[in-house]
Amino acid sequence: MNKQVWIFQQKKEIEKKGPHSASWYVGWYDLGGKRHSESCGPGSRGRNAAEKRLRRIQSELDTGIHQPSNRRTWSEFQSEYAEKILTGLAPRTADAAIDSLGHFQRIVKPGQIQTVNTAMIDQFVSRRRLEAGQKSGSVVSPATINKDLRHIKAALRIAREWGYLPEVPKIRMVKEPQKLPTFVTPEHFDQIYSAACSLAKFPNDPGQGFAPADWWRAMVVTAYMTGLRVGEILAIRKDDLKLDAAELITRWDATKTDRDEVVPLHPVVVEHLRKLEGTNPLVFPWSHDPRTLWVEFTRIQTEAGIHLACREKHNHTPSCHVYGFHDFRRAFATVNAPRLKPEVLQRLMRHKSYQTTLKHYINPTSQMQDAVADMPIPTALQNDRVTSTKGQTSKADREAK
């Protein structure tokens, strides 16, 4: 196999521009025997760059790691990536990847895939963080930008494997503020269960066999005591629900885990699910527009007196001051973290890593309060505390007299 590498100037350019203005090129045959050439610029700088490139290509060919440059455009690669890779992913994941890659193309407008570098990535981040967010008056959050960067990085890795990119550029993730995860507190759960659910008007399909309040109570109890995602709950089929065995099966095509799993059910959950009778094959049927599910949940919480503080910088809406369905999942993790082993909680949450559970789902406030309450007190402070307590008692006795 011919591994010859050389530098040259094109005869036509020399005749047209002269030897000092004509570009210098490096030419070579790749490991497959295909001929390539690459322009390195005119003059002495161009020649030096061509000689430097020659040495690098020769070294890569000698070690068998050479990947020639590719003229495939970003748009062509994006289409090929969607066809060969994204079609094998879950629909929501594929849609998110397409959105992120589309944002990159819209903002940076890359030409050939081989030109994508770290400077382009940084340019994308700097412009993306100034764009409007979903809520009025907000900007795109760091978490959203990092989601885009993860999808871009995954695509560039495939481009590198396919030989379209010499190396994956360095990608600097955006620093995200470490906020305490929001979760439904026991007090607010009681308020939602007792007051909010009784205010529900939907679902109200003819012959559904249960009241809207029963549907919502079963929903919040299932969410709070299983940690299931709302999409997983809405997808539960009666054929997969084994109430006598106190378990249900979540199917791979309705979860983020891409596998069937058996979820154990608490007797309280079983009790509430038994009330959802009817002919619909789904346990939690919702025939209305999917968006009305969140609208109804916001309404019943607001009317029941739930009003949470919102510290985000945007124009607030009613949904800013109530709980979302995912807050029940965080409550499940937070409530059970002190009493379960990490690997057990991770399995119940169906996370690949316990760090995901710990970072995004467990609010440590209650655990820290318990730790502080059980903190050992030095002997000297114990004596002062006893003396102070005795003094207060005697003073109270004197006042009583």
# chains A, B, ... in the order shown; residues from 1 in each chain; ligands from 1
call {"tool": "closest_atom_pairs", "arguments": {"of": "region 45-100 of chain A", "to": "region 256-266 of chain A", "cutoff": "12 Å", "atoms": "only C-alpha atoms", "output": "JSON lines"}}
result
{"residue": "A:Gly88", "atom": "CA", "partner": "A:Asp258", "partner_atom": "CA", "distance": 11.3}
{"residue": "A:Leu89", "atom": "CA", "partner": "A:Asp258", "partner_atom": "CA", "distance": 9.3}
{"residue": "A:Ala90", "atom": "CA", "partner": "A:Lys256", "partner_atom": "CA", "distance": 7.6}
{"residue": "A:Pro91", "atom": "CA", "partner": "A:Lys256", "partner_atom": "CA", "distance": 10.1}
{"residue": "A:Arg92", "atom": "CA", "partner": "A:Lys256", "partner_atom": "CA", "distance": 9.0}
{"residue": "A:Thr93", "atom": "CA", "partner": "A:Lys256", "partner_atom": "CA", "distance": 8.9}
call {"tool": "closest_atom_pairs", "arguments": {"of": "region 311-358 of chain A", "to": "region 218-233 of chain A", "cutoff": "8 Å", "atoms": "only C-alpha atoms", "output": "tab-separated table"}}
result
residue	atom	partner	partner_atom	distance
A:Phe325	CA	A:Val230	CA	6.3
A:His326	CA	A:Arg229	CA	6.6
A:Phe328	CA	A:Tyr224	CA	4.9
A:Arg329	CA	A:Gly227	CA	4.3
A:Arg330	CA	A:Gly227	CA	7.4
A:Ala331	CA	A:Tyr224	CA	6.6
A:Phe332	CA	A:Gly227	CA	5.3
A:Ala333	CA	A:Gly227	CA	7.2
A:Leu348	CA	A:Gly227	CA	7.5
A:Met349	CA	A:Gly227	CA	6.3
call {"tool": "residues_around", "arguments": {"residues": "Leu276 (chain A)", "least_positions_apart": "6", "cutoff": "7 Å", "atoms": "only C-alpha atoms", "output": "JSON, numbers by chain"}}
result
{"A": [210, 215, 283]}
call {"tool": "atom_distance", "arguments": {"atom1": "CA of Asp95 (chain A)", "atom2": "CA of Glu83 (chain A)"}}
result
12.5 Å
call {"tool": "atom_distance", "arguments": {"atom1": "CA of Gly163 (chain A)", "atom2": "CA of Phe8 (chain A)"}}
result
25.3 Å
call {"tool": "closest_residue", "arguments": {"among": "A:Ile158, A:Val140, A:Leu234, A:Leu61", "to": "Ser287 (chain A)", "atoms": "only C-alpha atoms"}}
result
A:Leu234
call {"tool": "select_by_dssp", "arguments": {"residues": "region 95-287 of chain A", "states": "strand (DSSP E)", "output": "PyMOL selection string"}}
result
chain A and resi 241-242+247-250+261-264
call {"tool": "write_last_selection", "arguments": {"atoms": "C-alpha atoms", "output": "PDB file, in the first residue's frame"}}
result
ATOM      1  CA  LEU A 241     -51.834  -4.443  37.372  1.00  0.00           C
ATOM      2  CA  LYS A 242     -51.867  -7.350  39.851  1.00  0.00           C
ATOM      3  CA  GLU A 247     -47.540  -5.269  42.155  1.00  0.00           C
ATOM      4  CA  LEU A 248     -47.644  -3.751  38.692  1.00  0.00           C
ATOM      5  CA  ILE A 249     -45.505  -4.087  35.603  1.00  0.00           C
ATOM      6  CA  THR A 250     -44.132  -0.998  33.871  1.00  0.00           C
ATOM      7  CA  GLU A 261     -39.958  -3.870  35.540  1.00  0.00           C
ATOM      8  CA  VAL A 262     -42.074  -5.140  38.416  1.00  0.00           C
ATOM      9  CA  VAL A 263     -42.998  -2.410  40.920  1.00  0.00           C
ATOM     10  CA  PRO A 264     -44.167  -3.479  44.406  1.00  0.00           C
TER      11      PRO A 264
END
call {"tool": "select_by_dssp", "arguments": {"residues": "region 23-72 of chain A", "states": "helix (DSSP H, G or I)", "output": "PyMOL selection string"}}
result
chain A and resi 43-63
call {"tool": "residues_around", "arguments": {"residues": "Asp122 (chain A)", "least_positions_apart": "5", "cutoff": "9 Å", "atoms": "only C-alpha atoms", "output": "ChimeraX atom specification"}}
result
/A:117,127,171-172
call {"tool": "write_last_selection", "arguments": {"atoms": "N, CA and C atoms", "output": "PDB file, in the first residue's frame"}}
result
ATOM      1  N   ASN A 117     -15.253  22.984  16.059  1.00  0.00           N
ATOM      2  CA  ASN A 117     -14.187  23.004  17.057  1.00  0.00           C
ATOM      3  C   ASN A 117     -14.700  23.618  18.362  1.00  0.00           C
ATOM      4  N   ARG A 127     -24.238  32.459  22.957  1.00  0.00           N
ATOM      5  CA  ARG A 127     -25.460  32.988  22.327  1.00  0.00           C
ATOM      6  C   ARG A 127     -26.712  32.293  22.859  1.00  0.00           C
ATOM      7  N   ILE A 171     -15.538  20.315  25.215  1.00  0.00           N
ATOM      8  CA  ILE A 171     -16.829  20.951  25.489  1.00  0.00           C
ATOM      9  C   ILE A 171     -16.891  21.305  26.965  1.00  0.00           C
ATOM     10  N   ARG A 172     -17.036  22.594  27.240  1.00  0.00           N
ATOM     11  CA  ARG A 172     -17.108  23.074  28.622  1.00  0.00           C
ATOM     12  C   ARG A 172     -18.577  23.187  29.033  1.00  0.00           C
TER      13      ARG A 172
END
call {"tool": "residues_around", "arguments": {"residues": "Cys197 (chain A)", "least_positions_apart": "2", "cutoff": "8 Å", "atoms": "only C-alpha atoms", "output": "MDAnalysis selection string"}}
result
chainID A and resid 192:195 199:200 212:214 216:217 300
call {"tool": "atom_distance", "arguments": {"atom1": "CA of Phe124 (chain A)", "atom2": "CA of Arg311 (chain A)"}}
result
27.0 Å
call {"tool": "residues_around", "arguments": {"residues": "Glu312 (chain A)", "least_positions_apart": "4", "cutoff": "10 Å", "atoms": "only C-alpha atoms", "output": "list in words"}}
result
Ser138, His316 and Cys320 of chain A
call {"tool": "write_last_selection", "arguments": {"atoms": "N, CA and C atoms", "output": "PDB file, in the first residue's frame"}}
result
ATOM      1  N   SER A 138     -38.005  35.060  30.927  1.00  0.00           N
ATOM      2  CA  SER A 138     -36.876  34.230  31.359  1.00  0.00           C
ATOM      3  C   SER A 138     -35.900  34.008  30.208  1.00  0.00           C
ATOM      4  N   HIS A 316     -44.124  35.536  36.587  1.00  0.00           N
ATOM      5  CA  HIS A 316     -44.730  34.388  37.247  1.00  0.00           C
ATOM      6  C   HIS A 316     -46.130  34.090  36.716  1.00  0.00           C
ATOM      7  N   CYS A 320     -46.231  28.518  38.709  1.00  0.00           N
ATOM      8  CA  CYS A 320     -44.996  28.755  39.467  1.00  0.00           C
ATOM      9  C   CYS A 320     -45.202  28.489  40.959  1.00  0.00           C
TER      10      CYS A 320
END
call {"tool": "residues_around", "arguments": {"residues": "region 288-297 of chain A", "least_positions_apart": "2", "cutoff": "9 Å", "atoms": "only C-alpha atoms", "output": "JSON list (two decimals) with N, CA and C atoms, in the first residue's frame"}}
result
[["chain", "number", "residue", "atom", "x", "y", "z"],
["A", 196, "ALA", "N", -57.63, 19.45, 47.73],
["A", 196, "ALA", "CA", -57.50, 19.71, 46.29],
["A", 196, "ALA", "C", -58.21, 18.66, 45.45],
["A", 197, "CYS", "N", -58.03, 17.38, 45.78],
["A", 197, "CYS", "CA", -58.61, 16.32, 44.95],
["A", 197, "CYS", "C", -60.14, 16.38, 44.91],
["A", 200, "ALA", "N", -61.67, 18.47, 42.00],
["A", 200, "ALA", "CA", -61.43, 18.09, 40.61],
["A", 200, "ALA", "C", -62.74, 17.94, 39.84],
["A", 201, "LYS", "N", -62.69, 18.36, 38.57],
["A", 201, "LYS", "CA", -63.84, 18.23, 37.66],
["A", 201, "LYS", "C", -63.56, 17.23, 36.54],
["A", 202, "PHE", "N", -62.30, 16.92, 36.32],
["A", 202, "PHE", "CA", -61.90, 15.99, 35.27],
["A", 202, "PHE", "C", -61.01, 14.91, 35.90],
["A", 203, "PRO", "N", -61.03, 13.69, 35.32],
["A", 203, "PRO", "CA", -61.78, 13.25, 34.13],
["A", 203, "PRO", "C", -63.26, 13.02, 34.44],
["A", 216, "TRP", "N", -58.01, 11.40, 41.12],
["A", 216, "TRP", "CA", -56.90, 12.23, 41.57],
["A", 216, "TRP", "C", -56.27, 11.70, 42.86],
["A", 286, "TRP", "N", -57.27, 9.30, 30.53],
["A", 286, "TRP", "CA", -57.39, 10.76, 30.39],
["A", 286, "TRP", "C", -57.63, 11.05, 28.92],
["A", 299, "ARG", "N", -55.07, 24.13, 38.89],
["A", 299, "ARG", "CA", -56.31, 24.75, 39.39],
["A", 299, "ARG", "C", -56.72, 24.22, 40.75],
["A", 300, "ILE", "N", -56.74, 22.91, 40.92],
["A", 300, "ILE", "CA", -57.22, 22.36, 42.19],
["A", 300, "ILE", "C", -56.26, 22.68, 43.34],
["A", 301, "GLN", "N", -54.97, 22.76, 43.05],
["A", 301, "GLN", "CA", -54.03, 23.15, 44.11],
["A", 301, "GLN", "C", -54.23, 24.61, 44.51],
["A", 302, "THR", "N", -54.39, 25.46, 43.51],
["A", 302, "THR", "CA", -54.57, 26.90, 43.78],
["A", 302, "THR", "C", -55.83, 27.12, 44.61],
["A", 319, "SER", "N", -48.76, 28.37, 37.66],
["A", 319, "SER", "CA", -48.02, 27.11, 37.78],
["A", 319, "SER", "C", -46.72, 27.28, 38.56],
["A", 322, "VAL", "N", -47.34, 26.21, 42.50],
["A", 322, "VAL", "CA", -47.91, 24.93, 42.90],
["A", 322, "VAL", "C", -46.91, 23.82, 42.57],
["A", 323, "TYR", "N", -47.22, 22.63, 43.01],
["A", 323, "TYR", "CA", -46.34, 21.48, 42.76],
["A", 323, "TYR", "C", -46.57, 20.91, 41.37],
["A", 324, "GLY", "N", -45.51, 20.32, 40.82],
["A", 324, "GLY", "CA", -45.62, 19.55, 39.60],
["A", 324, "GLY", "C", -45.64, 18.08, 39.94],
["A", 325, "PHE", "N", -45.97, 17.25, 38.97],
["A", 325, "PHE", "CA", -46.04, 15.81, 39.24],
["A", 325, "PHE", "C", -44.70, 15.23, 39.65]]
call {"tool": "closest_residue", "arguments": {"among": "A:Glu277, A:Ile121, A:Pro177, A:Ser100", "to": "Lys147 (chain A)", "atoms": "only C-alpha atoms"}}
result
A:Ser100
